[in-house]
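K.L.:
Sharing upload-v4.txt (compact mmCIF, C-alpha atoms) below.
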# COMPACT_ATOMS: atom_id res chain seq x y z
CA MET A 234 115.91 -255.62 59.61
CA LEU A 235 116.97 -258.74 57.72
CA ALA A 236 117.07 -260.56 61.03
CA GLU A 237 113.36 -259.87 61.36
CA ASP A 238 112.29 -261.11 57.95
CA SER A 239 115.06 -263.52 57.02
CA ALA A 240 116.74 -264.86 60.15
CA ALA A 241 116.93 -268.34 58.63
CA LEU A 242 118.55 -266.93 55.49
CA LEU A 243 121.15 -265.02 57.49
CA ALA A 244 121.85 -268.15 59.50
CA LYS A 245 123.07 -269.80 56.29
CA VAL A 246 125.95 -267.32 56.01
CA PRO A 247 128.97 -269.36 57.19
CA GLN A 248 130.46 -266.53 59.28
CA LEU A 249 128.12 -263.57 59.78
CA TRP A 250 129.96 -260.42 60.87
CA ILE A 251 127.99 -257.40 62.01
CA ALA A 252 129.22 -253.87 62.75
CA GLY A 253 128.43 -250.21 62.13
CA GLU A 254 125.62 -249.84 64.69
CA ALA A 255 125.02 -251.27 68.14
CA ALA A 256 123.89 -254.86 67.74
CA SER A 257 120.30 -255.66 68.70
CA PRO A 258 120.21 -258.55 71.22
CA ALA A 259 116.81 -259.62 69.86
CA ALA A 260 118.01 -259.64 66.24
CA VAL A 261 121.19 -261.56 67.07
CA GLY A 262 119.17 -264.02 69.13
CA ARG A 263 116.88 -264.74 66.18
CA VAL A 264 119.81 -265.64 63.94
CA LEU A 265 121.45 -267.76 66.63
CA ARG A 266 118.26 -269.70 67.24
CA GLU A 267 118.21 -270.51 63.52
CA GLY A 268 121.65 -272.06 63.90
CA GLY A 269 123.71 -269.13 62.63
CA THR A 270 127.28 -268.16 63.51
CA VAL A 271 127.52 -264.50 64.52
CA HIS A 272 130.52 -262.26 65.21
CA ASN A 273 130.06 -258.74 66.54
CA GLY A 274 132.83 -256.39 65.46
CA TYR A 275 133.73 -252.86 66.47
CA GLY A 276 136.06 -250.24 65.07
CA PRO A 277 135.89 -246.63 63.86
CA THR A 278 137.44 -245.54 60.56
CA GLU A 279 140.30 -243.86 62.42
CA THR A 280 141.49 -247.25 63.68
CA THR A 281 141.30 -248.97 60.27
CA ILE A 282 137.95 -250.71 60.82
CA TYR A 283 137.79 -253.68 63.22
CA VAL A 284 139.79 -253.40 66.45
CA THR A 285 137.64 -255.59 68.73
CA ALA A 286 135.47 -258.62 68.02
CA HIS A 287 133.34 -261.17 69.79
CA HIS A 288 132.01 -264.56 68.69
CA VAL A 289 128.42 -264.59 69.99
CA THR A 290 127.59 -268.14 71.01
CA SER A 291 124.20 -267.75 72.71
CA PRO A 292 121.35 -265.22 72.92
CA GLY A 293 121.61 -262.78 75.79
CA ALA A 294 120.56 -259.42 77.16
CA VAL A 295 123.66 -257.73 75.70
CA VAL A 296 125.87 -258.34 72.68
CA PRO A 297 129.45 -257.46 73.70
CA ILE A 298 131.88 -255.93 71.21
CA GLY A 299 134.50 -258.32 72.55
CA ARG A 300 138.22 -258.08 73.17
CA PRO A 301 140.98 -256.18 71.33
CA LEU A 302 142.42 -257.88 68.26
CA ASP A 303 146.13 -258.61 67.85
CA ASN A 304 148.47 -255.62 68.11
CA THR A 305 145.66 -253.52 69.58
CA ARG A 306 145.20 -252.08 73.06
CA ALA A 307 141.85 -250.92 74.44
CA TYR A 308 141.55 -248.64 77.45
CA VAL A 309 138.39 -247.66 79.30
CA LEU A 310 139.25 -244.34 80.93
CA ASP A 311 137.63 -241.58 82.96
CA GLY A 312 137.90 -237.85 82.27
CA GLY A 313 141.42 -237.81 83.76
CA LEU A 314 142.60 -240.66 81.49
CA ARG A 315 142.62 -243.06 84.44
CA PRO A 316 141.39 -246.66 84.00
CA VAL A 317 137.96 -247.34 85.49
CA PRO A 318 136.98 -250.57 87.30
CA ALA A 319 135.01 -253.32 85.59
CA GLY A 320 131.35 -252.44 85.29
CA VAL A 321 131.95 -248.69 85.43
CA PRO A 322 131.23 -246.76 82.20
CA GLY A 323 134.13 -244.89 80.65
CA GLU A 324 135.35 -243.63 77.30
CA LEU A 325 137.02 -246.13 74.99
CA TYR A 326 140.53 -245.31 73.79
CA ILE A 327 142.29 -247.44 71.15
CA ALA A 328 146.06 -247.80 70.74
CA GLY A 329 148.30 -250.02 68.65
CA ASP A 330 149.22 -250.70 65.04
CA HIS A 331 145.71 -250.01 63.71
CA LEU A 332 145.77 -246.25 64.31
CA ALA A 333 145.66 -243.83 61.41
CA ARG A 334 148.17 -240.98 61.35
CA GLY A 335 145.49 -238.35 61.69
CA TYR A 336 143.03 -236.28 59.68
CA LEU A 337 144.29 -234.94 56.37
CA GLY A 338 144.57 -231.16 56.54
CA ARG A 339 143.04 -231.03 60.04
CA PRO A 340 145.90 -230.72 62.56
CA ASP A 341 143.52 -229.26 65.16
CA LEU A 342 141.17 -232.24 65.02
CA THR A 343 144.11 -234.65 64.90
CA ALA A 344 145.51 -233.15 68.11
CA GLU A 345 142.10 -233.42 69.77
CA ARG A 346 141.36 -237.05 68.89
CA PHE A 347 144.84 -238.64 68.64
CA VAL A 348 146.44 -238.08 72.05
CA ALA A 349 149.50 -239.29 73.91
CA ASP A 350 149.15 -242.76 75.40
CA PRO A 351 150.17 -242.54 79.09
CA HIS A 352 149.76 -246.30 79.45
CA GLY A 353 151.96 -247.33 76.49
CA GLU A 354 155.51 -246.96 75.29
CA PRO A 355 157.02 -243.45 75.31
CA GLY A 356 155.89 -241.56 72.23
CA SER A 357 152.91 -243.84 71.52
CA ARG A 358 149.47 -242.49 70.78
CA MET A 359 145.88 -243.54 71.36
CA TYR A 360 142.64 -242.59 69.64
CA ARG A 361 139.79 -241.08 71.62
CA THR A 362 136.73 -242.82 70.16
CA GLY A 363 134.00 -240.84 71.91
CA ASP A 364 132.26 -244.16 72.63
CA LEU A 365 131.02 -245.10 76.07
CA VAL A 366 131.80 -248.69 77.12
CA ARG A 367 132.42 -250.82 80.19
CA TRP A 368 134.38 -253.93 80.96
CA LEU A 369 132.20 -256.94 81.74
CA PRO A 370 133.27 -259.42 84.46
CA ASP A 371 134.45 -261.89 81.79
CA GLY A 372 136.82 -259.35 80.23
CA LEU A 373 134.61 -258.44 77.27
CA LEU A 374 133.75 -254.88 76.29
CA ASP A 375 130.12 -253.79 76.35
CA TYR A 376 129.16 -250.85 74.12
CA LEU A 377 126.82 -248.39 75.86
CA GLY A 378 126.56 -245.49 73.41
CA ARG A 379 128.28 -242.22 72.71
CA VAL A 380 129.95 -240.12 75.39
CA ASP A 381 128.00 -237.14 74.12
CA ASP A 382 124.87 -239.19 74.78
CA GLN A 383 125.47 -238.57 78.48
CA VAL A 384 122.85 -236.04 79.43
CA LYS A 385 121.58 -234.34 82.54
CA ILE A 386 117.88 -233.97 83.25
CA ARG A 387 116.89 -232.12 86.41
CA GLY A 388 120.42 -232.54 87.74
CA ILE A 389 120.60 -236.32 87.22
CA ARG A 390 123.19 -237.72 84.81
CA ILE A 391 121.66 -240.24 82.42
CA GLU A 392 123.27 -242.61 79.92
CA LEU A 393 121.01 -242.79 76.87
CA GLY A 394 122.81 -245.89 75.65
CA GLU A 395 121.97 -247.70 78.87
CA ILE A 396 118.27 -246.98 78.37
CA GLU A 397 118.47 -248.11 74.74
CA ALA A 398 120.17 -251.35 75.79
CA VAL A 399 117.37 -252.14 78.24
CA LEU A 400 114.53 -251.33 75.81
CA ALA A 401 116.23 -253.37 73.07
CA ARG A 402 115.72 -256.47 75.23
CA HIS A 403 111.96 -256.27 74.72
CA PRO A 404 111.06 -259.09 72.34
CA ALA A 405 108.89 -256.84 70.16
CA ALA A 406 111.55 -254.14 69.66
CA ALA A 407 113.63 -254.49 66.50
CA GLN A 408 115.32 -251.08 66.83
CA VAL A 409 115.39 -248.53 69.63
CA VAL A 410 116.70 -244.98 69.86
CA VAL A 411 116.41 -242.77 72.94
CA LEU A 412 117.14 -239.07 72.99
CA VAL A 413 116.37 -235.93 74.95
CA ARG A 414 113.96 -233.45 73.40
CA GLU A 415 113.35 -229.89 74.48
CA ASP A 416 110.29 -229.05 72.41
CA GLN A 417 109.33 -226.41 74.95
CA PRO A 418 112.05 -224.15 76.44
CA GLY A 419 113.32 -225.54 79.72
CA ASP A 420 111.26 -228.74 79.46
CA ARG A 421 113.71 -231.54 78.66
CA ARG A 422 112.21 -235.01 78.34
CA LEU A 423 113.38 -238.47 77.38
CA VAL A 424 111.75 -239.88 74.25
CA ALA A 425 112.09 -243.46 72.98
CA TYR A 426 111.61 -244.30 69.29
CA LEU A 427 110.70 -247.91 68.52
CA VAL A 428 110.65 -249.95 65.34
CA PRO A 429 108.73 -253.17 66.05
CA TYR A 430 109.26 -256.54 64.46
CA ARG A 431 106.78 -257.29 61.73
CA ARG A 432 103.25 -257.71 63.05
CA ALA A 433 100.30 -259.49 61.50
CA GLY A 434 98.06 -257.11 59.55
CA LEU A 435 98.55 -253.41 58.90
CA PRO A 436 99.93 -251.10 61.59
CA SER A 437 97.23 -249.22 63.49
CA PRO A 438 97.17 -246.47 66.12
CA SER A 439 95.65 -248.86 68.65
CA ALA A 440 98.38 -251.44 68.04
CA ASP A 441 101.06 -248.76 68.36
CA THR A 442 99.51 -247.55 71.61
CA GLU A 443 99.41 -251.09 72.96
CA LEU A 444 103.06 -251.66 72.05
CA SER A 445 104.09 -248.35 73.62
CA GLY A 446 102.34 -249.36 76.81
CA GLN A 447 104.01 -252.76 76.85
CA VAL A 448 107.49 -251.30 76.40
CA ARG A 449 106.79 -248.58 78.97
CA ARG A 450 105.82 -251.20 81.57
CA PHE A 451 108.92 -253.19 80.61
CA ALA A 452 111.05 -250.06 81.16
CA GLU A 453 109.40 -249.29 84.49
CA GLU A 454 110.30 -252.75 85.76
CA ALA A 455 113.92 -252.57 84.62
CA LEU A 456 114.91 -248.91 85.06
CA PRO A 457 114.80 -246.27 87.79
CA ALA A 458 111.84 -243.91 87.37
CA TYR A 459 114.04 -241.00 86.22
CA MET A 460 115.33 -243.12 83.30
CA VAL A 461 111.92 -244.16 81.96
CA PRO A 462 111.15 -242.14 78.80
CA SER A 463 108.22 -239.74 78.96
CA ALA A 464 107.04 -240.75 75.49
CA PHE A 465 107.33 -243.82 73.25
CA VAL A 466 106.99 -243.23 69.50
CA VAL A 467 106.40 -246.28 67.29
CA MET A 468 107.76 -245.94 63.74
CA ASP A 469 107.87 -248.12 60.64
CA ALA A 470 111.58 -247.29 60.17
CA LEU A 471 114.17 -244.96 61.66
CA PRO A 472 115.45 -242.14 59.40
CA LEU A 473 118.98 -242.55 58.06
CA ASN A 474 121.53 -239.98 56.93
CA HIS A 475 123.66 -240.19 53.78
CA ASN A 476 126.15 -242.43 55.61
CA GLY A 477 123.47 -244.95 56.47
CA LYS A 478 123.54 -244.01 60.17
CA ILE A 479 120.46 -243.20 62.21
CA ASP A 480 119.64 -239.52 61.76
CA ARG A 481 118.56 -238.47 65.23
CA HIS A 482 117.86 -234.92 64.11
CA ALA A 483 115.16 -236.20 61.74
CA LEU A 484 113.20 -238.05 64.42
CA PRO A 485 109.74 -236.50 64.88
CA ALA A 486 108.48 -234.77 67.99
CA PRO A 487 106.04 -236.90 69.98
CA ALA A 488 102.43 -235.84 70.39
CA TRP A 489 102.67 -234.34 73.86
CA ARG A 490 99.16 -232.96 73.76
CA GLU A 491 95.90 -234.68 74.50
CA PRO A 492 94.34 -237.07 71.97
CA ALA A 493 91.79 -235.68 69.53
CA ALA A 494 88.89 -237.30 71.36
CA VAL A 495 88.55 -237.74 75.11
CA LYS A 496 86.86 -241.10 75.55
CA GLN A 497 85.49 -240.61 79.04
CA PRO A 498 85.23 -237.39 81.08
CA PRO A 499 85.52 -237.45 84.88
CA ARG A 500 82.48 -238.96 86.64
CA THR A 501 83.22 -238.48 90.34
CA GLU A 502 84.53 -235.66 92.50
CA ALA A 503 87.80 -237.52 92.97
CA GLU A 504 88.23 -237.99 89.22
CA GLU A 505 87.42 -234.32 88.64
CA LEU A 506 90.07 -233.32 91.18
CA VAL A 507 92.73 -235.57 89.68
CA ALA A 508 91.89 -234.55 86.10
CA GLU A 509 92.01 -230.86 87.00
CA ILE A 510 95.41 -231.21 88.66
CA TRP A 511 96.77 -233.21 85.74
CA ALA A 512 95.56 -230.58 83.29
CA GLU A 513 97.31 -227.84 85.28
CA VAL A 514 100.58 -229.73 85.68
CA LEU A 515 100.72 -231.02 82.10
CA GLY A 516 99.41 -227.85 80.49
CA LEU A 517 96.49 -229.61 78.80
CA ASP A 518 92.89 -228.54 78.28
CA ARG A 519 91.12 -231.88 78.65
CA ILE A 520 91.92 -235.13 80.41
CA GLY A 521 90.04 -238.41 80.09
CA VAL A 522 89.70 -240.82 82.97
CA HIS A 523 91.51 -243.55 81.04
CA ASP A 524 94.38 -241.35 79.84
CA ASP A 525 97.84 -242.41 80.98
CA PHE A 526 99.81 -239.71 82.81
CA PHE A 527 103.12 -240.66 81.24
CA ALA A 528 101.69 -241.13 77.76
CA LEU A 529 100.50 -237.51 78.00
CA GLY A 530 104.09 -236.37 78.61
CA GLY A 531 104.33 -236.77 82.37
CA ASN A 532 107.60 -237.60 84.07
CA SER A 533 108.86 -238.29 87.59
CA LEU A 534 109.20 -234.61 88.53
CA LEU A 535 105.69 -233.77 87.29
CA ALA A 536 104.36 -236.84 89.12
CA ILE A 537 105.73 -235.45 92.38
CA ARG A 538 103.98 -232.15 91.66
CA VAL A 539 100.70 -234.00 91.12
CA VAL A 540 101.03 -235.85 94.41
CA SER A 541 101.91 -232.62 96.23
CA ARG A 542 98.82 -230.84 94.89
CA ILE A 543 96.53 -233.76 95.72
CA ARG A 544 97.94 -233.81 99.25
CA ALA A 545 97.19 -230.08 99.62
CA ALA A 546 93.67 -230.49 98.18
CA VAL A 547 92.53 -233.37 100.40
CA ASP A 548 94.78 -232.74 103.43
CA LEU A 549 95.95 -236.34 103.39
CA GLU A 550 99.30 -238.08 103.05
CA ILE A 551 99.53 -239.55 99.53
CA PRO A 552 102.44 -241.90 98.64
CA VAL A 553 105.04 -240.35 96.35
CA ASP A 554 104.79 -243.29 93.96
CA ALA A 555 100.99 -243.03 93.66
CA VAL A 556 101.10 -241.81 90.05
CA PHE A 557 103.48 -244.61 89.05
CA THR A 558 101.31 -247.34 90.54
CA SER A 559 98.05 -245.70 89.38
CA PRO A 560 98.91 -243.87 86.14
CA THR A 561 95.36 -243.14 84.91
CA VAL A 562 92.88 -240.63 86.31
CA GLU A 563 90.44 -243.42 87.17
CA ARG A 564 92.97 -245.52 89.05
CA LEU A 565 94.58 -242.60 90.86
CA ALA A 566 91.15 -241.26 91.90
CA ASP A 567 90.21 -244.72 93.20
CA ALA A 568 93.46 -244.83 95.18
CA VAL A 569 92.81 -241.39 96.68
CA GLU A 570 89.25 -242.36 97.61
CA ALA A 571 90.51 -245.57 99.26
CA LEU A 572 93.02 -243.59 101.33
CA LEU A 573 90.31 -241.11 102.35
CA ILE A 574 87.99 -243.92 103.45
CA ALA A 575 90.78 -245.61 105.39
CA ASP A 576 91.62 -242.30 107.08
CA ILE A 577 87.98 -241.71 108.07
CA GLU A 578 87.58 -245.23 109.40
CA GLY A 579 90.82 -244.89 111.31
CA ARG A 580 89.52 -241.83 113.11
CA SER A 581 86.20 -243.44 114.04
CA PRO A 582 85.91 -244.41 117.76
I need this file expressed as structure tokens, please.
P.N.:
Amino acid sequence: MLAEDSAALLAKVPQLWIAGEAASPAAVGRVLREGGTVHNGYGPTETTIYVTAHHVTSPGAVVPIGRPLDNTRAYVLDGGLRPVPAGVPGELYIAGDHLARGYLGRPDLTAERFVADPHGEPGSRMYRTGDLVRWLPDGLLDYLGRVDDQVKIRGIRIELGEIEAVLARHPAAAQVVVLVREDQPGDRRLVAYLVPYRRAGLPSPSADTELSGQVRRFAEEALPAYMVPSAFVVMDALPLNHNGKIDRHALPAPAWREPAAVKQPPRTEAEELVAEIWAEVLGLDRIGVHDDFFALGGNSLLAIRVVSRIRAAVDLEIPVDAVFTSPTVERLADAVEALLIADIEGRSP
């Protein structure tokens, strides 16, 4: 957060080294634009701190963790310990002089994490970091997240770190965390938690809603629909555990239900139809014509259900992406009415 409030002050540090958490491209960019010198380092405790590093020379969409340091080997491997091509995500394994001997009094964990190195000298070992990375075309390593952050939602494998990396590019996002919540049994949804850069005046619900909408639209332009979070929660700060790491278990559940006050009830038959279908699909009691489908907890699968039910109700072909292009009751009803009119006119002699 210092990069938000004191970028110029950080820029005065002769050699600024950052590590511990994934670097924010926006935060690094602020320091660089103030004339700072920034190095991004990477290394777990088991490899005696830094094992890769990168001198960041210009702002960019990603902040690589760099190349292996001297006497260190870095492998990006698949589940069969085979190297993956550049650009393909894989687990990072570290080998070389930096490795610890193992975990004191934990031979089981040592055997699990410190494994034989099939790519090194006979008898050498490598450490399984559990981190998901990829090689960039220029030979630098790009950190994507944790391997256990790979999740499946409705049969589709999703990299949470990839979503976080995209959202972190938004100029208003100081910190971003994305996780999967299952607040209702069987209903797994992506949720993004945002800490914005300091804004003028006191935070307000309307400002948070506006920011959530901005970041959602940003995500929709940069990510496939199935990777766009169902909810965006704006927070003053992310909770930390006793080690100073982000405590994902302490992140609050989003407000999936309808807002306390519905600003505008349906006014036309088309709006009534759309609102009724939304209420059934989302499990809500009331829907306002200006409510956003995705802000209410909708996702791509539920959007398909909505379109299917509208098709059955009006006996008309509705585009699958109708909810994405018209995410409010008012706009979707207008779109349905326009299609109905076009269909009637097309049948006229």
K.L.:
So that I can see what lies close to segment 438-453 of chain A, please list as a list in words the residues with an atom at most 8 Å from it, counting all atoms listed in the file and leaving out residues fewer than 4 positions away in the same chain.
P.N.:
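Near neighbours after the sequence-gap exclusion: Val399, Leu400, His403, Pro457, Ala458, Val461, Pro462, Phe465, Val466 and Val467 of chain A.
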K.L.:
So the first atom is atom CA of Gly363 of chain A and the second is atom CA of Leu427 of chain A; what is the distance between them in Å, to one decimal place?
P.N.:
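We find that atom CA of Gly363 of chain A and atom CA of Leu427 of chain A lie 24.6 Å from each other.
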K.L.:
Pick from A:Thr285, A:Ser463, A:Ser533, A:Thr362: nearest to Pro301 of chain A, with all atoms listed in the file counted?
P.N.:
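Comparing A:Thr285, A:Ser463, A:Ser533, A:Thr362 against Pro301 of chain A, the winner is A:Thr285.
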K.L.:
Using all atoms listed in the file, which residue out of A:Ala256, A:Ala406, A:Leu302, A:Ile282 lies closest to Gly378 of chain A?
P.N.:
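Using all atoms listed in the file, Gly378 of chain A sits closest to A:Ala256.
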K.L.:
Report the distance between atom CA of Ala464 of chain A and atom CA of Val321 of chain A in Å, rounded to one decimal place.
P.N.:
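Taking atom CA of Ala464 of chain A as the start and atom CA of Val321 of chain A as the end point, the length is 28.0 Å.
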K.L.:
Please enclose the listed atoms of segment 265-275 of chain A in an axis-aligned box, pad each side by 3 Å, and write out the centre and the three edge lengths in Å, rounded to one decimal, as lines of an AutoDock Vina configuration file.
P.N.:
center_x = 126.0
center_y = -262.5
center_z = 64.9
size_x = 21.5
size_y = 25.2
size_z = 10.6
K.L.:
So how many Å separate atom CA of Ala425 of chain A and atom CA of Ile251 of chain A, to one decimal?
P.N.:
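Calculated distance between atom CA of Ala425 of chain A and atom CA of Ile251 of chain A is 23.8 Å.
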K.L.:
With all atoms listed in the file as the atoms that count, which of A:Asp576, A:Asp375, A:Asp381, A:Asp341 lies nearest to Gly320 of chain A?
P.N.:
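Closest residue, counting all atoms listed in the file: A:Asp375.
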K.L.:
Taking (88.0, -239.0, 80.5) in the coordinates of the supplied file, I want to know which residues reach to within 10 Å of it, counting all atoms listed in the file; could you give the answer as a list in words?
P.N.:
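Looking at atoms near the point gives Ala494, Val495, Lys496, Gln497, Pro498, Pro499, Arg500, Glu504, Glu505, Ala508, Arg519, Ile520, Gly521, Val522, His523, Asp524, Thr561, Val562 and Glu563 of chain A.
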K.L.:
Find the residue from A:Asn476, A:Thr558, A:Gln408, A:Thr290 that sits nearest to Ala259 of chain A; use only C-alpha atoms when measuring.
P.N.:
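Closest residue, counting only C-alpha atoms: A:Gln408.
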K.L.:
Could you check which of A:Leu529, A:Leu265, A:Leu423, A:Ala401 is closest to Val384 of chain A, using all atoms listed in the file?
P.N.:
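Residue with the minimum atom-to-atom distance to Val384 of chain A: A:Leu423.
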K.L.:
For segment 324-337 of chain A, list every protein, DNA or RNA residue within 8 Å, evaluated using only C-alpha atoms, and leave out those in the same chain fewer than 5 positions away; present the list as a list in words.
P.N.:
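Residues meeting the cut-off are Glu279, Thr280, Thr281, Val284, Asn304, Thr305, Arg306, Ala307, Tyr308, Val309, Leu310, Asp311, Leu342, Thr343, Phe347, Asp350, Ser357, Arg358, Met359, Tyr360, Arg361, Thr362, Gly363, Asp364, Leu365, Val366 and Val380 of chain A.
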K.L.:
Of the residues A:Pro560, A:His287, A:Glu502, A:Pro292, which is the one nearest to Arg266 of chain A, using all atoms listed in the file?
P.N.:
A:Pro292
K.L.:
As a JSON list (two decimals), in the coordinates of the input, could you write out segment 273-281 of chain A once it has been completed with all heavy atoms?
P.N.:
[["chain", "number", "residue", "atom", "x", "y", "z"],
["A", 273, "ASN", "N", 130.33, -260.17, 66.41],
["A", 273, "ASN", "CA", 130.06, -258.74, 66.54],
["A", 273, "ASN", "C", 131.39, -258.00, 66.55],
["A", 273, "ASN", "O", 132.23, -258.23, 67.43],
["A", 273, "ASN", "CB", 129.29, -258.46, 67.83],
["A", 273, "ASN", "CG", 128.78, -257.03, 67.88],
["A", 273, "ASN", "OD1", 128.52, -256.42, 66.85],
["A", 273, "ASN", "ND2", 128.61, -256.50, 69.09],
["A", 274, "GLY", "N", 131.59, -257.13, 65.57],
["A", 274, "GLY", "CA", 132.83, -256.39, 65.46],
["A", 274, "GLY", "C", 132.66, -254.92, 65.78],
["A", 274, "GLY", "O", 131.56, -254.37, 65.70],
["A", 275, "TYR", "N", 133.75, -254.28, 66.15],
["A", 275, "TYR", "CA", 133.73, -252.86, 66.47],
["A", 275, "TYR", "C", 135.00, -252.22, 65.96],
["A", 275, "TYR", "O", 136.09, -252.79, 66.06],
["A", 275, "TYR", "CB", 133.62, -252.63, 67.98],
["A", 275, "TYR", "CG", 133.95, -251.21, 68.39],
["A", 275, "TYR", "CD1", 132.96, -250.23, 68.40],
["A", 275, "TYR", "CD2", 135.25, -250.84, 68.73],
["A", 275, "TYR", "CE1", 133.26, -248.92, 68.75],
["A", 275, "TYR", "CE2", 135.56, -249.53, 69.08],
["A", 275, "TYR", "CZ", 134.57, -248.58, 69.08],
["A", 275, "TYR", "OH", 134.87, -247.28, 69.42],
["A", 276, "GLY", "N", 134.88, -251.00, 65.44],
["A", 276, "GLY", "CA", 136.06, -250.24, 65.07],
["A", 276, "GLY", "C", 135.70, -249.03, 64.23],
["A", 276, "GLY", "O", 135.05, -249.15, 63.20],
["A", 277, "PRO", "N", 136.12, -247.84, 64.66],
["A", 277, "PRO", "CA", 135.89, -246.63, 63.86],
["A", 277, "PRO", "C", 136.88, -246.55, 62.70],
["A", 277, "PRO", "O", 137.91, -247.25, 62.67],
["A", 277, "PRO", "CB", 136.12, -245.50, 64.86],
["A", 277, "PRO", "CG", 137.02, -246.09, 65.91],
["A", 277, "PRO", "CD", 136.69, -247.55, 65.97],
["A", 278, "THR", "N", 136.58, -245.70, 61.75],
["A", 278, "THR", "CA", 137.44, -245.54, 60.56],
["A", 278, "THR", "C", 138.85, -245.17, 60.96],
["A", 278, "THR", "O", 139.83, -245.61, 60.34],
["A", 278, "THR", "CB", 136.84, -244.45, 59.65],
["A", 278, "THR", "OG1", 135.51, -244.82, 59.29],
["A", 278, "THR", "CG2", 137.68, -244.28, 58.40],
["A", 279, "GLU", "N", 138.99, -244.35, 62.00],
["A", 279, "GLU", "CA", 140.30, -243.86, 62.42],
["A", 279, "GLU", "C", 141.23, -244.96, 62.93],
["A", 279, "GLU", "O", 142.43, -244.74, 63.09],
["A", 279, "GLU", "CB", 140.14, -242.80, 63.52],
["A", 279, "GLU", "CG", 139.50, -241.50, 63.04],
["A", 279, "GLU", "CD", 137.97, -241.55, 63.03],
["A", 279, "GLU", "OE1", 137.41, -242.67, 63.20],
["A", 279, "GLU", "OE2", 137.35, -240.49, 62.88],
["A", 280, "THR", "N", 140.66, -246.14, 63.22],
["A", 280, "THR", "CA", 141.49, -247.25, 63.68],
["A", 280, "THR", "C", 141.51, -248.37, 62.64],
["A", 280, "THR", "O", 141.77, -249.53, 62.98],
["A", 280, "THR", "CB", 140.97, -247.79, 65.02],
["A", 280, "THR", "OG1", 139.62, -248.25, 64.85],
["A", 280, "THR", "CG2", 140.99, -246.71, 66.08],
["A", 281, "THR", "N", 141.26, -248.02, 61.39],
["A", 281, "THR", "CA", 141.30, -248.97, 60.27],
["A", 281, "THR", "C", 140.34, -250.14, 60.49],
["A", 281, "THR", "O", 140.73, -251.30, 60.51],
["A", 281, "THR", "CB", 142.73, -249.49, 60.03],
["A", 281, "THR", "OG1", 143.65, -248.43, 60.21],
["A", 281, "THR", "CG2", 142.87, -250.00, 58.60]]
